[in-house]
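**Q** Mind having a look at this structure? Questions to follow.
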Amino acid sequence: MKRRDFIKLSGMSIASLALSGCVPSQANTNTGAAAPPPAAAPARNIPELAYRVQDANAPAVYFLPQVSQDALIKAYAATDRQLTGRVGLKLSFETPDGPYLNPQLLQKLRDQLDGTFMDCNGFSAPRNTTAGHLRLARDHGFTAVGPVDILDADGDLDLPVHGGKYLKVHRTGAHFANYDSMLSLVRFKAHHIRDYGGTIKNLTICLASTSGKALIHSAGREEYGYSPSDMESFLESMADAAKAALDAKPDRWIFINVLCGLAPSDSCRDAKPLPDIGVLASLDPVALDQAAVDFTFGAAPSPAVREVWERDHNVRVLQYAEERGVGRRHYRLLPVD
């Protein structure tokens, strides 16, 4: 890796950020869109969760009803898996005007793991170049909290897809090989983007290099440009890629979704702001995303509206991921004090 492309811990900070779970999108703050209600006293009542089961063999999803540094530490510990060696903290530095995880929220956990924040380049500026992507990571405050690595700064690495429907490889950055274990950290997005934004996306589109993103979007037809396939082929390609990401580092992943400040910015009918819900953690990325979907899209005023929300945000990728053996949609929810 080129020295200039690896940003070490610095004294830079963003003074304007309070220690909240998420930084809202500039679109919301600039237009006066409704902010999520405050969550000074998070509710401990757990809503009806469609895929929650009591089956002792179902994957565990751990739930902490607050968003804080300590909640993240407890969520990591609850999984009872120790990440060792060089630890990568896979997240997204997001876009200049979009919502993102407050890096200050991650300080204690990053320090405990001595982890490196990582992401891959994308199609659009400033994330289409390593230099621009590093500036974005700095501007969003990540370099003030820990080292940052752009995984595809020095080329690509192909992870084999075993039994994939559309993909033969999941193409990530060459630096992925430098890490022994991985923690996926996601600011869960329900009503913000076309496809819901959760752990499956973090393992696929967000872990893919620019060329890898082209492969997933095109269902394996295009390596170097954005050439989208039909939606179902795209979603099944994401499932292919998710399986490859897990197979590349078996039993060396932990997954965390942070559900905070859910202020809708899409056109979904009846979508309303939600307060901070809490932190979810699991060793199963499908179960984790399904639980986050249950907490967020489960806030729909009726099953019919929820069905529309989930269809519009392509939640069925979880079905395809389950079919690939990435994980299971039905889960046990285990509250953590």
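All residue names refer to the structure tokens as shown: chains lettered A, B, ... in order, residues numbered from 1 in each chain, ligands numbered from 1 in order.
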Each residue of segment 215-317 of chain A lying at most 10 Å from segment 159-178 of chain A should get a row with its shortest atom-to-atom pair and the distance in Å to one decimal, counting only C-alpha atoms; could you produce that, ordered by chain and increasing number, as a tab-separated table?
**A**
residue	atom	partner	partner_atom	distance
A:Leu215	CA	A:Leu167	CA	7.6
A:Ile216	CA	A:Leu167	CA	7.5
A:Ser218	CA	A:Tyr166	CA	9.3
A:Ala219	CA	A:Tyr166	CA	5.5
A:Gly220	CA	A:Leu167	CA	5.3
A:Arg221	CA	A:Tyr166	CA	8.8
A:Glu223	CA	A:Arg171	CA	9.6
A:Ser233	CA	A:Tyr166	CA	7.5
A:Phe234	CA	A:Tyr166	CA	8.8
A:Glu236	CA	A:Lys165	CA	7.2
A:Ser237	CA	A:Tyr166	CA	5.7
A:Met238	CA	A:Leu167	CA	9.0
A:Ala239	CA	A:Gly164	CA	8.3
A:Asp240	CA	A:Gly164	CA	5.1
A:Ala241	CA	A:His170	CA	5.1
A:Ala242	CA	A:His170	CA	8.3
A:Lys243	CA	A:Val161	CA	7.0
A:Ala244	CA	A:Val161	CA	5.0
A:Ala245	CA	A:Leu159	CA	7.1
A:Leu246	CA	A:Leu159	CA	9.9
A:Asp247	CA	A:Val161	CA	8.4
A:Ala248	CA	A:Leu159	CA	6.6
A:Lys249	CA	A:Ala177	CA	9.7
**Q** For the residues in the current selection, export N, CA, C and O atoms as a PDB file, in the first residue's frame.
**A**
ATOM      1  N   LEU A 215     -19.413  -5.908 -11.585  1.00  0.00           N
ATOM      2  CA  LEU A 215     -19.799  -7.312 -11.728  1.00  0.00           C
ATOM      3  C   LEU A 215     -21.128  -7.605 -11.040  1.00  0.00           C
ATOM      4  O   LEU A 215     -21.988  -8.295 -11.594  1.00  0.00           O
ATOM      5  N   ILE A 216     -21.297  -7.097  -9.827  1.00  0.00           N
ATOM      6  CA  ILE A 216     -22.532  -7.379  -9.093  1.00  0.00           C
ATOM      7  C   ILE A 216     -23.725  -6.713  -9.769  1.00  0.00           C
ATOM      8  O   ILE A 216     -24.765  -7.338  -9.991  1.00  0.00           O
ATOM      9  N   SER A 218     -24.165  -5.869 -12.793  1.00  0.00           N
ATOM     10  CA  SER A 218     -24.463  -6.430 -14.117  1.00  0.00           C
ATOM     11  C   SER A 218     -24.731  -7.924 -14.082  1.00  0.00           C
ATOM     12  O   SER A 218     -24.897  -8.535 -15.137  1.00  0.00           O
ATOM     13  N   ALA A 219     -24.756  -8.521 -12.884  1.00  0.00           N
ATOM     14  CA  ALA A 219     -24.907  -9.975 -12.747  1.00  0.00           C
ATOM     15  C   ALA A 219     -23.822 -10.707 -13.518  1.00  0.00           C
ATOM     16  O   ALA A 219     -24.072 -11.713 -14.186  1.00  0.00           O
ATOM     17  N   GLY A 220     -22.595 -10.203 -13.419  1.00  0.00           N
ATOM     18  CA  GLY A 220     -21.436 -10.875 -13.986  1.00  0.00           C
ATOM     19  C   GLY A 220     -21.130 -10.556 -15.435  1.00  0.00           C
ATOM     20  O   GLY A 220     -20.153 -11.073 -15.986  1.00  0.00           O
ATOM     21  N   ARG A 221     -21.895  -9.671 -16.074  1.00  0.00           N
ATOM     22  CA  ARG A 221     -21.691  -9.392 -17.504  1.00  0.00           C
ATOM     23  C   ARG A 221     -20.623  -8.334 -17.767  1.00  0.00           C
ATOM     24  O   ARG A 221     -19.984  -8.334 -18.817  1.00  0.00           O
ATOM     25  N   GLU A 223     -17.349  -5.833 -16.274  1.00  0.00           N
ATOM     26  CA  GLU A 223     -16.309  -5.707 -15.247  1.00  0.00           C
ATOM     27  C   GLU A 223     -15.866  -4.275 -14.983  1.00  0.00           C
ATOM     28  O   GLU A 223     -15.261  -4.013 -13.942  1.00  0.00           O
ATOM     29  N   SER A 233     -31.808 -10.434 -10.934  1.00  0.00           N
ATOM     30  CA  SER A 233     -30.451 -10.914 -11.188  1.00  0.00           C
ATOM     31  C   SER A 233     -29.449 -10.168 -10.319  1.00  0.00           C
ATOM     32  O   SER A 233     -28.480 -10.753  -9.805  1.00  0.00           O
ATOM     33  N   PHE A 234     -29.675  -8.879 -10.130  1.00  0.00           N
ATOM     34  CA  PHE A 234     -28.810  -8.078  -9.265  1.00  0.00           C
ATOM     35  C   PHE A 234     -28.874  -8.580  -7.826  1.00  0.00           C
ATOM     36  O   PHE A 234     -27.838  -8.788  -7.168  1.00  0.00           O
ATOM     37  N   GLU A 236     -29.782 -11.510  -6.715  1.00  0.00           N
ATOM     38  CA  GLU A 236     -29.184 -12.840  -6.601  1.00  0.00           C
ATOM     39  C   GLU A 236     -27.659 -12.765  -6.702  1.00  0.00           C
ATOM     40  O   GLU A 236     -26.951 -13.565  -6.087  1.00  0.00           O
ATOM     41  N   SER A 237     -27.154 -11.793  -7.443  1.00  0.00           N
ATOM     42  CA  SER A 237     -25.700 -11.590  -7.506  1.00  0.00           C
ATOM     43  C   SER A 237     -25.173 -11.097  -6.165  1.00  0.00           C
ATOM     44  O   SER A 237     -24.063 -11.466  -5.745  1.00  0.00           O
ATOM     45  N   MET A 238     -25.937 -10.260  -5.486  1.00  0.00           N
ATOM     46  CA  MET A 238     -25.549  -9.849  -4.139  1.00  0.00           C
ATOM     47  C   MET A 238     -25.456 -11.057  -3.217  1.00  0.00           C
ATOM     48  O   MET A 238     -24.533 -11.162  -2.399  1.00  0.00           O
ATOM     49  N   ALA A 239     -26.419 -11.977  -3.332  1.00  0.00           N
ATOM     50  CA  ALA A 239     -26.384 -13.187  -2.512  1.00  0.00           C
ATOM     51  C   ALA A 239     -25.145 -14.024  -2.832  1.00  0.00           C
ATOM     52  O   ALA A 239     -24.497 -14.565  -1.922  1.00  0.00           O
ATOM     53  N   ASP A 240     -24.806 -14.124  -4.114  1.00  0.00           N
ATOM     54  CA  ASP A 240     -23.572 -14.825  -4.503  1.00  0.00           C
ATOM     55  C   ASP A 240     -22.366 -14.211  -3.809  1.00  0.00           C
ATOM     56  O   ASP A 240     -21.507 -14.915  -3.249  1.00  0.00           O
ATOM     57  N   ALA A 241     -22.276 -12.876  -3.871  1.00  0.00           N
ATOM     58  CA  ALA A 241     -21.114 -12.172  -3.317  1.00  0.00           C
ATOM     59  C   ALA A 241     -21.053 -12.305  -1.801  1.00  0.00           C
ATOM     60  O   ALA A 241     -19.962 -12.447  -1.220  1.00  0.00           O
ATOM     61  N   ALA A 242     -22.200 -12.253  -1.139  1.00  0.00           N
ATOM     62  CA  ALA A 242     -22.214 -12.373   0.325  1.00  0.00           C
ATOM     63  C   ALA A 242     -21.649 -13.711   0.766  1.00  0.00           C
ATOM     64  O   ALA A 242     -20.879 -13.794   1.742  1.00  0.00           O
ATOM     65  N   LYS A 243     -22.006 -14.773   0.050  1.00  0.00           N
ATOM     66  CA  LYS A 243     -21.470 -16.100   0.396  1.00  0.00           C
ATOM     67  C   LYS A 243     -19.961 -16.135   0.236  1.00  0.00           C
ATOM     68  O   LYS A 243     -19.239 -16.705   1.079  1.00  0.00           O
ATOM     69  N   ALA A 244     -19.445 -15.508  -0.806  1.00  0.00           N
ATOM     70  CA  ALA A 244     -18.000 -15.490  -1.035  1.00  0.00           C
ATOM     71  C   ALA A 244     -17.277 -14.729   0.064  1.00  0.00           C
ATOM     72  O   ALA A 244     -16.180 -15.123   0.495  1.00  0.00           O
ATOM     73  N   ALA A 245     -17.858 -13.632   0.539  1.00  0.00           N
ATOM     74  CA  ALA A 245     -17.229 -12.843   1.602  1.00  0.00           C
ATOM     75  C   ALA A 245     -17.093 -13.657   2.877  1.00  0.00           C
ATOM     76  O   ALA A 245     -16.057 -13.623   3.560  1.00  0.00           O
ATOM     77  N   LEU A 246     -18.142 -14.425   3.223  1.00  0.00           N
ATOM     78  CA  LEU A 246     -18.073 -15.257   4.418  1.00  0.00           C
ATOM     79  C   LEU A 246     -17.107 -16.414   4.233  1.00  0.00           C
ATOM     80  O   LEU A 246     -16.334 -16.748   5.154  1.00  0.00           O
ATOM     81  N   ASP A 247     -17.124 -17.026   3.055  1.00  0.00           N
ATOM     82  CA  ASP A 247     -16.235 -18.158   2.801  1.00  0.00           C
ATOM     83  C   ASP A 247     -14.764 -17.751   2.838  1.00  0.00           C
ATOM     84  O   ASP A 247     -13.891 -18.566   3.167  1.00  0.00           O
ATOM     85  N   ALA A 248     -14.476 -16.483   2.504  1.00  0.00           N
ATOM     86  CA  ALA A 248     -13.089 -16.023   2.455  1.00  0.00           C
ATOM     87  C   ALA A 248     -12.455 -15.970   3.842  1.00  0.00           C
ATOM     88  O   ALA A 248     -11.240 -16.166   3.982  1.00  0.00           O
ATOM     89  N   LYS A 249     -13.270 -15.706   4.871  1.00  0.00           N
ATOM     90  CA  LYS A 249     -12.750 -15.653   6.241  1.00  0.00           C
ATOM     91  C   LYS A 249     -13.746 -16.374   7.159  1.00  0.00           C
ATOM     92  O   LYS A 249     -14.442 -15.754   7.961  1.00  0.00           O
TER      93      LYS A 249
END
**Q** List the neighbours of Ser68 of chain A out to 10 Å using only C-alpha atoms; skip same-chain residues closer than 3 positions along the sequence, and give me the result as a list in words.
**A**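 Residues meeting the cut-off are Leu19, Ser20, Gly21, Leu64, Pro65, Ala71, Leu72, Ile73, Lys74, Gln104, Leu105, Leu106, Lys108, Val258, Gly278 and Val279 of chain A.
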**Q** Produce a file of the selected residues containing all heavy atoms, as an mmCIF file, in the first residue's frame.
**A**
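File out-v6.cif, as written:
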data_model
loop_
_atom_site.group_PDB
_atom_site.id
_atom_site.type_symbol
_atom_site.label_atom_id
_atom_site.label_comp_id
_atom_site.auth_asym_id
_atom_site.auth_seq_id
_atom_site.Cartn_x
_atom_site.Cartn_y
_atom_site.Cartn_z
ATOM 1 N N LEU A 19 -21.778 13.265 20.368
ATOM 2 C CA LEU A 19 -21.635 11.806 20.399
ATOM 3 C C LEU A 19 -23.006 11.169 20.242
ATOM 4 O O LEU A 19 -23.549 10.547 21.142
ATOM 5 C CB LEU A 19 -20.971 11.352 21.692
ATOM 6 C CG LEU A 19 -20.586 9.870 21.739
ATOM 7 C CD1 LEU A 19 -19.721 9.503 20.555
ATOM 8 C CD2 LEU A 19 -19.916 9.528 23.036
ATOM 9 N N SER A 20 -23.576 11.352 19.066
ATOM 10 C CA SER A 20 -24.835 10.713 18.736
ATOM 11 C C SER A 20 -24.538 9.517 17.859
ATOM 12 O O SER A 20 -23.445 9.374 17.335
ATOM 13 C CB SER A 20 -25.754 11.699 18.009
ATOM 14 O OG SER A 20 -25.119 12.175 16.843
ATOM 15 N N GLY A 21 -25.535 8.662 17.682
ATOM 16 C CA GLY A 21 -25.288 7.442 16.932
ATOM 17 C C GLY A 21 -25.033 7.669 15.470
ATOM 18 O O GLY A 21 -24.184 7.016 14.885
ATOM 19 N N LEU A 64 -29.507 -4.497 22.127
ATOM 20 C CA LEU A 64 -29.320 -3.514 23.190
ATOM 21 C C LEU A 64 -30.144 -2.283 22.831
ATOM 22 O O LEU A 64 -29.938 -1.700 21.759
ATOM 23 C CB LEU A 64 -27.852 -3.135 23.354
ATOM 24 C CG LEU A 64 -26.978 -4.281 23.875
ATOM 25 C CD1 LEU A 64 -26.278 -4.983 22.731
ATOM 26 C CD2 LEU A 64 -25.974 -3.774 24.908
ATOM 27 N N PRO A 65 -31.091 -1.875 23.700
ATOM 28 C CA PRO A 65 -32.034 -0.819 23.339
ATOM 29 C C PRO A 65 -31.480 0.589 23.528
ATOM 30 O O PRO A 65 -32.187 1.485 23.984
ATOM 31 C CB PRO A 65 -33.211 -1.090 24.275
ATOM 32 C CG PRO A 65 -32.566 -1.639 25.504
ATOM 33 C CD PRO A 65 -31.398 -2.475 25.011
ATOM 34 N N ALA A 71 -22.812 0.334 24.399
ATOM 35 C CA ALA A 71 -23.707 -0.637 23.778
ATOM 36 C C ALA A 71 -22.977 -1.419 22.691
ATOM 37 O O ALA A 71 -23.166 -2.634 22.543
ATOM 38 C CB ALA A 71 -24.935 0.062 23.206
ATOM 39 N N LEU A 72 -22.122 -0.754 21.941
ATOM 40 C CA LEU A 72 -21.351 -1.449 20.914
ATOM 41 C C LEU A 72 -20.366 -2.438 21.533
ATOM 42 O O LEU A 72 -20.191 -3.553 21.024
ATOM 43 C CB LEU A 72 -20.614 -0.440 20.042
ATOM 44 C CG LEU A 72 -21.470 0.311 19.029
ATOM 45 C CD1 LEU A 72 -20.666 1.437 18.384
ATOM 46 C CD2 LEU A 72 -21.991 -0.624 17.946
ATOM 47 N N ILE A 73 -19.728 -2.046 22.615
ATOM 48 C CA ILE A 73 -18.811 -2.950 23.313
ATOM 49 C C ILE A 73 -19.560 -4.193 23.797
ATOM 50 O O ILE A 73 -19.106 -5.339 23.626
ATOM 51 C CB ILE A 73 -18.150 -2.237 24.504
ATOM 52 C CG1 ILE A 73 -17.208 -1.118 24.024
ATOM 53 C CG2 ILE A 73 -17.408 -3.231 25.391
ATOM 54 C CD1 ILE A 73 -15.917 -1.584 23.440
ATOM 55 N N LYS A 74 -20.738 -3.989 24.390
ATOM 56 C CA LYS A 74 -21.525 -5.110 24.897
ATOM 57 C C LYS A 74 -22.036 -5.988 23.759
ATOM 58 O O LYS A 74 -22.113 -7.215 23.892
ATOM 59 C CB LYS A 74 -22.696 -4.589 25.723
ATOM 60 C CG LYS A 74 -22.288 -3.961 27.054
ATOM 61 C CD LYS A 74 -23.505 -3.445 27.802
ATOM 62 C CE LYS A 74 -23.131 -2.815 29.130
ATOM 63 N NZ LYS A 74 -24.327 -2.296 29.856
ATOM 64 N N GLN A 104 -17.177 8.884 16.234
ATOM 65 C CA GLN A 104 -16.891 8.983 17.664
ATOM 66 C C GLN A 104 -17.625 7.898 18.455
ATOM 67 O O GLN A 104 -17.159 7.465 19.514
ATOM 68 C CB GLN A 104 -17.287 10.369 18.169
ATOM 69 C CG GLN A 104 -16.460 11.495 17.559
ATOM 70 C CD GLN A 104 -16.922 12.859 18.014
ATOM 71 O OE1 GLN A 104 -17.287 13.042 19.167
ATOM 72 N NE2 GLN A 104 -16.925 13.815 17.111
ATOM 73 N N LEU A 105 -18.767 7.460 17.939
ATOM 74 C CA LEU A 105 -19.499 6.361 18.566
ATOM 75 C C LEU A 105 -18.670 5.086 18.579
ATOM 76 O O LEU A 105 -18.833 4.232 19.454
ATOM 77 C CB LEU A 105 -20.806 6.132 17.801
ATOM 78 C CG LEU A 105 -21.697 4.975 18.254
ATOM 79 C CD1 LEU A 105 -22.412 5.333 19.556
ATOM 80 C CD2 LEU A 105 -22.710 4.628 17.178
ATOM 81 N N LEU A 106 -17.758 4.953 17.637
ATOM 82 C CA LEU A 106 -16.994 3.721 17.443
ATOM 83 C C LEU A 106 -15.654 3.724 18.179
ATOM 84 O O LEU A 106 -14.919 2.742 18.112
ATOM 85 C CB LEU A 106 -16.737 3.513 15.946
ATOM 86 C CG LEU A 106 -17.970 3.625 15.033
ATOM 87 C CD1 LEU A 106 -17.560 3.488 13.573
ATOM 88 C CD2 LEU A 106 -19.026 2.591 15.395
ATOM 89 N N LYS A 108 -14.425 3.527 21.364
ATOM 90 C CA LYS A 108 -14.048 2.505 22.352
ATOM 91 C C LYS A 108 -13.852 1.145 21.706
ATOM 92 O O LYS A 108 -12.890 0.428 22.006
ATOM 93 C CB LYS A 108 -15.104 2.408 23.455
ATOM 94 C CG LYS A 108 -15.060 3.501 24.490
ATOM 95 C CD LYS A 108 -16.048 3.188 25.610
ATOM 96 C CE LYS A 108 -16.021 4.247 26.693
ATOM 97 N NZ LYS A 108 -16.973 3.937 27.800
ATOM 98 N N VAL A 258 -26.496 -0.762 13.566
ATOM 99 C CA VAL A 258 -26.891 0.317 14.472
ATOM 100 C C VAL A 258 -28.155 0.949 13.906
ATOM 101 O O VAL A 258 -28.165 1.425 12.771
ATOM 102 C CB VAL A 258 -25.771 1.361 14.611
ATOM 103 C CG1 VAL A 258 -26.202 2.472 15.562
ATOM 104 C CG2 VAL A 258 -24.482 0.707 15.109
ATOM 105 N N GLY A 278 -31.634 1.046 18.767
ATOM 106 C CA GLY A 278 -30.607 0.343 19.507
ATOM 107 C C GLY A 278 -29.577 -0.300 18.610
ATOM 108 O O GLY A 278 -29.430 0.058 17.441
ATOM 109 N N VAL A 279 -28.870 -1.263 19.161
ATOM 110 C CA VAL A 279 -27.793 -1.959 18.476
ATOM 111 C C VAL A 279 -28.148 -3.443 18.404
ATOM 112 O O VAL A 279 -28.575 -4.036 19.399
ATOM 113 C CB VAL A 279 -26.453 -1.770 19.221
ATOM 114 C CG1 VAL A 279 -25.352 -2.600 18.571
ATOM 115 C CG2 VAL A 279 -26.063 -0.293 19.251
#
**Q** In terms of the shortest atom-to-atom distance over only C-alpha atoms, which of A:Arg332, A:Pro303, A:Gly197, A:Asp276 is closest to Val315 of chain A?
**A** A:Gly197
**Q** Got a sec to tell me which of segment 181-222 of chain A DSSP assigns to alpha helix (DSSP H), as a ChimeraX atom specification?
**A** /A:199-203,210-217
**Q** Grab the residues selected above and save them as a compact mmCIF listing (two decimals), in the first residue's frame with all heavy atoms.
**A**
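Generated file (again.txt):
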# COMPACT_ATOMS: atom_id res chain seq x y z
N THR A 199 -26.36 -5.14 6.45
CA THR A 199 -25.13 -5.92 6.45
C THR A 199 -24.89 -6.64 5.12
O THR A 199 -23.74 -6.74 4.67
CB THR A 199 -25.16 -6.93 7.61
OG1 THR A 199 -25.13 -6.20 8.84
CG2 THR A 199 -23.99 -7.87 7.57
N ILE A 200 -25.94 -7.15 4.49
CA ILE A 200 -25.74 -7.84 3.20
C ILE A 200 -25.14 -6.87 2.18
O ILE A 200 -24.24 -7.25 1.42
CB ILE A 200 -27.06 -8.44 2.70
CG1 ILE A 200 -27.54 -9.55 3.64
CG2 ILE A 200 -26.88 -9.00 1.28
CD1 ILE A 200 -26.58 -10.71 3.80
N LYS A 201 -25.58 -5.64 2.16
CA LYS A 201 -24.98 -4.66 1.25
C LYS A 201 -23.52 -4.39 1.63
O LYS A 201 -22.66 -4.24 0.77
CB LYS A 201 -25.77 -3.37 1.24
CG LYS A 201 -25.23 -2.35 0.25
CD LYS A 201 -26.07 -1.10 0.16
CE LYS A 201 -25.50 -0.15 -0.88
NZ LYS A 201 -26.28 1.10 -0.98
N ASN A 202 -23.24 -4.33 2.94
CA ASN A 202 -21.87 -4.07 3.39
C ASN A 202 -20.91 -5.18 2.96
O ASN A 202 -19.73 -4.95 2.71
CB ASN A 202 -21.85 -3.92 4.91
CG ASN A 202 -20.61 -3.20 5.41
OD1 ASN A 202 -20.08 -2.30 4.76
ND2 ASN A 202 -20.13 -3.58 6.58
N LEU A 203 -21.43 -6.41 2.88
CA LEU A 203 -20.62 -7.56 2.47
C LEU A 203 -20.47 -7.67 0.95
O LEU A 203 -19.63 -8.44 0.48
CB LEU A 203 -21.26 -8.86 2.96
CG LEU A 203 -21.22 -9.14 4.46
CD1 LEU A 203 -22.10 -10.33 4.80
CD2 LEU A 203 -19.80 -9.38 4.91
N THR A 210 -14.28 -1.14 -7.35
CA THR A 210 -15.07 -0.53 -8.43
C THR A 210 -15.42 -1.57 -9.49
O THR A 210 -16.57 -1.66 -9.95
CB THR A 210 -14.30 0.64 -9.06
OG1 THR A 210 -13.96 1.58 -8.04
CG2 THR A 210 -15.15 1.34 -10.10
N SER A 211 -14.45 -2.39 -9.86
CA SER A 211 -14.72 -3.45 -10.83
C SER A 211 -15.69 -4.48 -10.26
O SER A 211 -16.58 -4.99 -10.97
CB SER A 211 -13.42 -4.14 -11.25
OG SER A 211 -13.66 -5.22 -12.12
N GLY A 212 -15.54 -4.79 -8.98
CA GLY A 212 -16.45 -5.74 -8.34
C GLY A 212 -17.88 -5.23 -8.29
O GLY A 212 -18.83 -6.01 -8.42
N LYS A 213 -18.03 -3.94 -8.08
CA LYS A 213 -19.37 -3.34 -8.10
C LYS A 213 -19.99 -3.52 -9.49
O LYS A 213 -21.19 -3.81 -9.62
CB LYS A 213 -19.31 -1.87 -7.73
CG LYS A 213 -19.00 -1.60 -6.26
CD LYS A 213 -18.83 -0.12 -6.00
CE LYS A 213 -18.71 0.21 -4.51
NZ LYS A 213 -17.54 -0.39 -3.86
N ALA A 214 -19.18 -3.32 -10.53
CA ALA A 214 -19.69 -3.51 -11.89
C ALA A 214 -20.15 -4.95 -12.10
O ALA A 214 -21.21 -5.18 -12.71
CB ALA A 214 -18.60 -3.15 -12.90
N LEU A 215 -19.41 -5.91 -11.59
CA LEU A 215 -19.80 -7.31 -11.73
C LEU A 215 -21.13 -7.61 -11.04
O LEU A 215 -21.99 -8.30 -11.59
CB LEU A 215 -18.70 -8.21 -11.15
CG LEU A 215 -17.44 -8.40 -12.00
CD1 LEU A 215 -16.35 -9.07 -11.18
CD2 LEU A 215 -17.76 -9.22 -13.25
N ILE A 216 -21.30 -7.10 -9.83
CA ILE A 216 -22.53 -7.38 -9.09
C ILE A 216 -23.72 -6.71 -9.77
O ILE A 216 -24.76 -7.34 -9.99
CB ILE A 216 -22.41 -6.92 -7.63
CG1 ILE A 216 -21.34 -7.75 -6.89
CG2 ILE A 216 -23.76 -7.05 -6.91
CD1 ILE A 216 -21.02 -7.24 -5.51
N HIS A 217 -23.58 -5.43 -10.11
CA HIS A 217 -24.70 -4.72 -10.72
C HIS A 217 -25.12 -5.34 -12.05
O HIS A 217 -26.30 -5.35 -12.40
CB HIS A 217 -24.34 -3.25 -10.93
CG HIS A 217 -24.51 -2.40 -9.71
ND1 HIS A 217 -25.75 -2.09 -9.19
CD2 HIS A 217 -23.60 -1.80 -8.90
CE1 HIS A 217 -25.60 -1.34 -8.11
NE2 HIS A 217 -24.31 -1.15 -7.91
**Q** Which distance in Å separates atom CA of Leu280 of chain A and atom CA of Ile256 of chain A, to one decimal?
**A**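 Atom CA of Leu280 of chain A sits 5.7 Å away from atom CA of Ile256 of chain A.
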**Q** Pick out the closest residue to Thr204 of chain A from this set: A:Asp230, A:Asp119, A:Asp149, A:Asp251. Count only C-alpha atoms.
**A** A:Asp119
**Q** Any idea what the distance is between atom CA of Tyr196 of chain A and atom CA of Asn121 of chain A?
**A**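 Going from atom CA of Tyr196 of chain A over to atom CA of Asn121 of chain A covers 19.9 Å.
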**Q** Grab the atom CA of Gly298 of chain A to atom CA of Asp70 of chain A distance for me, in Å with one decimal place.
**A**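 Atom CA of Gly298 of chain A sits 26.4 Å away from atom CA of Asp70 of chain A.
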**Q** Would you give me, as a PyMOL selection string, the residues in segment 244-290 of chain A that DSSP reads as strand (DSSP E)?
**A** chain A and resi 253-259+278-282
**Q** Could you name the residues that touch Arg110 of chain A at 9 Å or less, counting only C-alpha atoms, but leaving out those on the same chain fewer than 5 positions away, as a list in words?
**A**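 My reading of the contact set: Leu89, Gly115, Thr116, Phe117, Val145 and Gly146 of chain A.
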**Q** Take the residues just selected and output them with C-alpha atoms as a short mmCIF file (atom, residue, chain, number, x, y, z; two decimals), in the first residue's frame.
**A**
data_model
loop_
_atom_site.label_atom_id
_atom_site.label_comp_id
_atom_site.auth_asym_id
_atom_site.auth_seq_id
_atom_site.Cartn_x
_atom_site.Cartn_y
_atom_site.Cartn_z
CA LEU A 89 -13.67 -2.67 10.61
CA GLY A 115 -9.01 -2.05 14.26
CA THR A 116 -8.66 -0.29 10.93
CA PHE A 117 -11.65 1.37 9.24
CA VAL A 145 -10.68 7.97 15.54
CA GLY A 146 -8.44 5.39 13.88
#
**Q** May I ask which of the residues A:Asp111, A:Glu232, A:Asp180, A:Glu94 is the closest one to Ser124 of chain A, counting only C-alpha atoms?
**A**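 Of A:Asp111, A:Glu232, A:Asp180, A:Glu94, the one nearest Ser124 of chain A, counting only C-alpha atoms, is A:Glu94.
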**Q** Pick the closest to Leu274 of chain A from A:Arg252, A:Lys189, A:Tyr224, A:Asn314: which is it, counting only C-alpha atoms?
**A**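 Closest residue, counting only C-alpha atoms: A:Lys189.
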**Q** Pick out the closest residue to Ala75 of chain A from this set: A:Leu235, A:Ala50, A:Val61, A:Leu136. Count only C-alpha atoms.
**A**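 Residue with the minimum atom-to-atom distance to Ala75 of chain A: A:Val61.
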**Q** Please identify all polymer residues within 9 Å of segment 130-133 of chain A, counting only C-alpha atoms, omitting same-chain residues fewer than 3 positions from it, and present them as a list of chain:residue names.
**A**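 Here the answer would be A:Arg4, A:Asp5, A:Phe93, A:Asp119, A:Cys120, A:Asn121, A:Gly122, A:Ala125, A:Pro126, A:Arg127, A:Leu136, A:Ala137, A:Arg138, A:Ile150, A:Asp152, A:Ala153.
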**Q** Could you tell me which of A:Met231, A:Val286, A:Val308, A:Leu101 comes closest to Gly325 of chain A if we count only C-alpha atoms?
**A** A:Val286
**Q** Pick out the residues sitting within 7 Å of His191 of chain A, and hand them over as a ChimeraX atom specification; count only C-alpha atoms, and ignore anything fewer than 5 positions along from it in its own chain.
**A** /A:264-266
